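So the structure is just underneath, and the comments pick up after that.
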There are 2 protein chains.
Amino acid sequence: MQSLDNNALRKAMSARGLKVTPQRMAIYGALLSAGGHPSAEEVFGAVRRVLPNVSFDTVYRALLSFTELGIISVHEAGGKKRFDPNLAGHHHLHCMRCNRITDFHSPELDSVKLPPQAGKGFQVLSMRMTVEGICSACSAKNRGRNGR
Amino acid sequence: MQSLDNNALRKAMSARGLKVTPQRMAIYGALLSAGGHPSAEEVFGAVRRVLPNVSFDTVYRALLSFTELGIISVHEAGGKKRFDPNLAGHHHLHCMRCNRITDFHSPELDSVKLPPQAGKGFQVLSMRMTVEGICSACSAKNRGRNGR
DNA sequence: TTATTATATAGGAATTATTCTTATTTGTCA
DNA sequence: TGACAAATAAGAATAATTCCTATATAATAA
């Protein structure tokens with residue numbers, strides 16, 4: 001997995017006028033150690049073990065700020081945002097029933113270029129193929145049709 | 001845009017054991033006429049003009065059911081689900097500030113095949129490239145750093 | 001066509017994720 | 001160090017989604 005060390009993290013923040021706070025450092029670290037594609041709530045839990053007084057709002061805003069810096073990415077699934085510090089190109093399989101996200105890699109996708117007319121002046125922060133569907137475990141369960 | 005006529009819609013539902021109700025027919029119709037990538041709330045508003053007593057929950061569940069049928073697709077952005085009846089392959093540019101979604105087409109992307117190990121037993125309902133970033137209008141505004 | 005029954009619906013309440021507000025604190029830069 | 005814009009904590013407010021319950025209805029078989 002490709003991510004930033006503390007030094008690069010500081011640099012990324014100050015280069016864009018973001019203050020380097022202990023909270024932000026800890027939040028990035030917690031995101032790294034959380035693994036997978038944690039929600040803000042999960043990152044919050046992990047940061048709390050290091051900074052017991054950090055507020056949820058601070059964690060949430062920091063994650064959004066990191067996303068705007070382009071040093072992490074966000075993916076909304078299952079009604080909540082999930083954050084991902086992995087900068088290496090990868091793509092997502094999202095199960096619409098259990099909301100589990102599985103990464104996959106595809107050299108073919110990584111080499112794709114956007115059609116130039118697609119993003120006139122659009123500042124690209126991340127580009128990801130999302131495959132929506134039902135995972136094998138959930139298909140097996142075969143829940144009722146009307147949802148729930 | 002590629003979508004279903006009433007007959008194909010009925011067939012798609014009954015083939016999977018879903019009852020064909022006037023609500024569901026109207027909901028699909030409203031989604032088509034809404035255009036763009038409407039949220040459940042927007043579809044609800046449109047359906048209401050045809051069936052004034054339909055409930056939000058019914059609209060919401062119908063949209064989720066349609067998604068599971070694979071006859072529409074869903075895309076979560078800006079904290080809400082957005083529904084899309086367009087079955088023709090297309091991809092999304094999502095502005096993280098204003099949450100506007102713009103479609104783009106890419107023959108290159110459409111021809112991509114998933115690596116076989118990616119989705120062992122995964123039932124694919126839709127496959128879409130999502131480009132996250134900041135649109136030109138929002139870049140121009142250059143809002144504050146800490147969000148909001 | 002009618003009776004049966006599983007499924008769907010309306011209406012409203014409850015839940016959950018996200019965003020906002022305010023008072024206070026803290027990096028950063030001169 | 002001092003000034004100040006930016007960030008934080010705490011909790012309230014908002015908005016999207018899901019759930020609950022009683023009733024209605026589409027599909028099926030007789």
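By order of appearance in the structure tokens: chains A, B, ..., then residues from 1 within every chain, and ligands from 1 in the order shown.
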Residues of chain A within 10 Å of chain C, counting only C-alpha atoms (C1' of nucleotides), as a list of chain:residue names: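 So the contacting residues turn out to be A:Ser14, A:Gly17, A:Leu18, A:Lys19, A:Val20, A:Thr21, A:Ala40, A:Glu41, A:Asp57, A:Tyr60, A:Arg61, A:Gly79, A:Lys80, A:Lys81, A:Arg145, A:Asn146.
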Test item, strand (DSSP E or B) assignment across range 59-104 of chain A, answer as a list in words: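 Everything in range 59-104 of chain A that counts as strand (DSSP E or B) is Ser73, Val74, His75, Glu76, Ala77, Lys80, Lys81, Arg82, Phe83, Asp84, His91, His92, Leu93, His94, Cys95, Ile101, Thr102, Asp103 and Phe104 of chain A.
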Write a file of the just-selected residues containing C-alpha atoms, as a PDB file, in the first residue's frame.
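Written file, again_19.pdb:
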ATOM      1  CA  SER A  73      -9.711   9.121  -0.981  1.00  0.00           C
ATOM      2  CA  VAL A  74     -13.311   8.772   0.002  1.00  0.00           C
ATOM      3  CA  HIS A  75     -15.934   6.391  -1.195  1.00  0.00           C
ATOM      4  CA  GLU A  76     -19.576   6.579  -0.223  1.00  0.00           C
ATOM      5  CA  ALA A  77     -21.255   3.266   0.268  1.00  0.00           C
ATOM      6  CA  LYS A  80     -21.799   6.529   4.822  1.00  0.00           C
ATOM      7  CA  LYS A  81     -18.444   7.778   3.725  1.00  0.00           C
ATOM      8  CA  ARG A  82     -15.520   5.417   3.867  1.00  0.00           C
ATOM      9  CA  PHE A  83     -11.963   6.636   3.796  1.00  0.00           C
ATOM     10  CA  ASP A  84      -8.994   5.074   2.154  1.00  0.00           C
ATOM     11  CA  HIS A  91     -10.761  -0.237  -7.575  1.00  0.00           C
ATOM     12  CA  HIS A  92     -13.733  -1.311  -5.558  1.00  0.00           C
ATOM     13  CA  LEU A  93     -16.256  -4.088  -5.484  1.00  0.00           C
ATOM     14  CA  HIS A  94     -19.179  -2.958  -3.355  1.00  0.00           C
ATOM     15  CA  CYS A  95     -21.766  -5.401  -2.064  1.00  0.00           C
ATOM     16  CA  ILE A 101     -15.876  -3.181  -0.035  1.00  0.00           C
ATOM     17  CA  THR A 102     -13.226  -5.323  -1.652  1.00  0.00           C
ATOM     18  CA  ASP A 103     -10.270  -3.875  -3.495  1.00  0.00           C
ATOM     19  CA  PHE A 104      -9.135  -5.153  -6.807  1.00  0.00           C
TER      20      PHE A 104
END
Nearest to chain D by atom-to-atom distance, counting only C-alpha atoms (C1' of nucleotides), from B:Ala46, B:Met96, B:Ala88, B:Leu64: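 The shortest atom-to-atom distance to chain D comes from B:Leu64.
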One-decimal distance in Å that lies between CA of Met13 in chain A and CA of Ser139 in chain B: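 These atoms are spaced 18.3 Å apart.
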Specify as a PDB file with C-alpha atoms, in the first residue's frame all residues of chain A found within 6 Å of chain B, counting only C-alpha atoms.
ATOM      1  CA  GLU A  76     -19.576   6.579  -0.223  1.00  0.00           C
ATOM      2  CA  PHE A 104      -9.135  -5.153  -6.807  1.00  0.00           C
ATOM      3  CA  ALA A 118     -14.877  14.845 -19.887  1.00  0.00           C
ATOM      4  CA  GLY A 121     -11.264  22.390 -15.889  1.00  0.00           C
ATOM      5  CA  PHE A 122     -12.199  19.587 -13.533  1.00  0.00           C
ATOM      6  CA  GLN A 123      -9.524  19.038 -10.916  1.00  0.00           C
ATOM      7  CA  VAL A 124      -9.242  15.267 -10.574  1.00  0.00           C
ATOM      8  CA  LEU A 125      -8.593  14.017  -7.053  1.00  0.00           C
ATOM      9  CA  SER A 126      -9.214  10.343  -7.607  1.00  0.00           C
ATOM     10  CA  MET A 127     -10.480   8.046 -10.280  1.00  0.00           C
ATOM     11  CA  ARG A 128     -11.922   4.727  -9.429  1.00  0.00           C
ATOM     12  CA  MET A 129     -13.994   1.985 -10.947  1.00  0.00           C
ATOM     13  CA  THR A 130     -16.821   0.986  -8.673  1.00  0.00           C
ATOM     14  CA  VAL A 131     -18.504  -2.298  -9.272  1.00  0.00           C
ATOM     15  CA  GLU A 132     -21.866  -2.543  -7.577  1.00  0.00           C
ATOM     16  CA  GLY A 133     -23.483  -5.871  -6.968  1.00  0.00           C
ATOM     17  CA  ILE A 134     -24.132  -8.685  -4.559  1.00  0.00           C
ATOM     18  CA  CYS A 135     -21.267 -10.651  -3.086  1.00  0.00           C
ATOM     19  CA  SER A 136     -21.306 -14.431  -3.071  1.00  0.00           C
TER      20      SER A 136
END
Could you write out as a JSON list (two decimals) with C-alpha atoms (C1' of nucleotides), in the first residue's frame the residues of chain D within 12 Å of chain B, counting only C-alpha atoms (C1' of nucleotides)?
[["chain", "number", "residue", "atom", "x", "y", "z"],
["D", 5, "DA", "C1'", -6.56, 33.19, 11.22],
["D", 6, "DA", "C1'", -7.55, 28.61, 11.60],
["D", 7, "DA", "C1'", -8.66, 24.59, 14.32],
["D", 8, "DT", "C1'", -10.79, 22.34, 18.18],
["D", 15, "DA", "C1'", -31.17, 15.54, 6.71],
["D", 16, "DA", "C1'", -31.13, 10.93, 4.79],
["D", 17, "DT", "C1'", -32.49, 6.50, 5.58],
["D", 18, "DT", "C1'", -34.79, 2.77, 7.84],
["D", 19, "DC", "C1'", -38.21, 0.76, 10.66],
["D", 24, "DA", "C1'", -54.69, -2.83, 1.19],
["D", 25, "DT", "C1'", -53.76, -5.30, -2.99],
["D", 26, "DA", "C1'", -51.59, -8.22, -6.81],
["D", 27, "DA", "C1'", -50.97, -12.90, -7.94]]
DSSP alpha helix (DSSP H) residues within range 61-106 of chain B, listed as a list in words: Arg61, Ala62, Leu63, Leu64, Ser65, Phe66, Thr67, Glu68 and Leu69 of chain B
Just-selected residues, N, CA, C and O atoms written as a compact mmCIF listing (two decimals), in the first residue's frame:
# COMPACT_ATOMS: atom_id res chain seq x y z
N ARG B 61 -38.07 2.44 -1.33
CA ARG B 61 -37.88 0.99 -1.45
C ARG B 61 -37.98 0.53 -2.90
O ARG B 61 -37.25 -0.36 -3.32
N ALA B 62 -38.84 1.16 -3.65
CA ALA B 62 -38.96 0.77 -5.05
C ALA B 62 -37.65 1.04 -5.79
O ALA B 62 -37.18 0.21 -6.56
N LEU B 63 -37.06 2.19 -5.49
CA LEU B 63 -35.80 2.52 -6.17
C LEU B 63 -34.72 1.50 -5.80
O LEU B 63 -33.94 1.07 -6.65
N LEU B 64 -34.68 1.11 -4.54
CA LEU B 64 -33.71 0.11 -4.14
C LEU B 64 -34.00 -1.24 -4.81
O LEU B 64 -33.07 -1.93 -5.25
N SER B 65 -35.27 -1.57 -4.91
CA SER B 65 -35.61 -2.83 -5.57
C SER B 65 -35.20 -2.81 -7.04
O SER B 65 -34.64 -3.78 -7.55
N PHE B 66 -35.48 -1.71 -7.69
CA PHE B 66 -35.08 -1.59 -9.10
C PHE B 66 -33.58 -1.76 -9.25
O PHE B 66 -33.09 -2.35 -10.19
N THR B 67 -32.87 -1.20 -8.30
CA THR B 67 -31.42 -1.32 -8.35
C THR B 67 -31.00 -2.78 -8.25
O THR B 67 -30.13 -3.23 -8.98
N GLU B 68 -31.68 -3.49 -7.35
CA GLU B 68 -31.31 -4.90 -7.21
C GLU B 68 -31.71 -5.72 -8.43
O GLU B 68 -31.10 -6.74 -8.73
N LEU B 69 -32.72 -5.26 -9.13
CA LEU B 69 -33.09 -5.93 -10.39
C LEU B 69 -32.06 -5.64 -11.47
O LEU B 69 -32.01 -6.33 -12.48
Å distance separating CA of Ile27 in chain B from CA of Arg100 in chain B, one decimal place: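 Straight-line distance from CA of Ile27 in chain B to CA of Arg100 in chain B works out to 22.6 Å.
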For CA of Asn6 in chain B and CA of Ser111 in chain B, the interatomic separation in Å (one decimal):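 Between CA of Asn6 in chain B and CA of Ser111 in chain B the gap is 29.3 Å.
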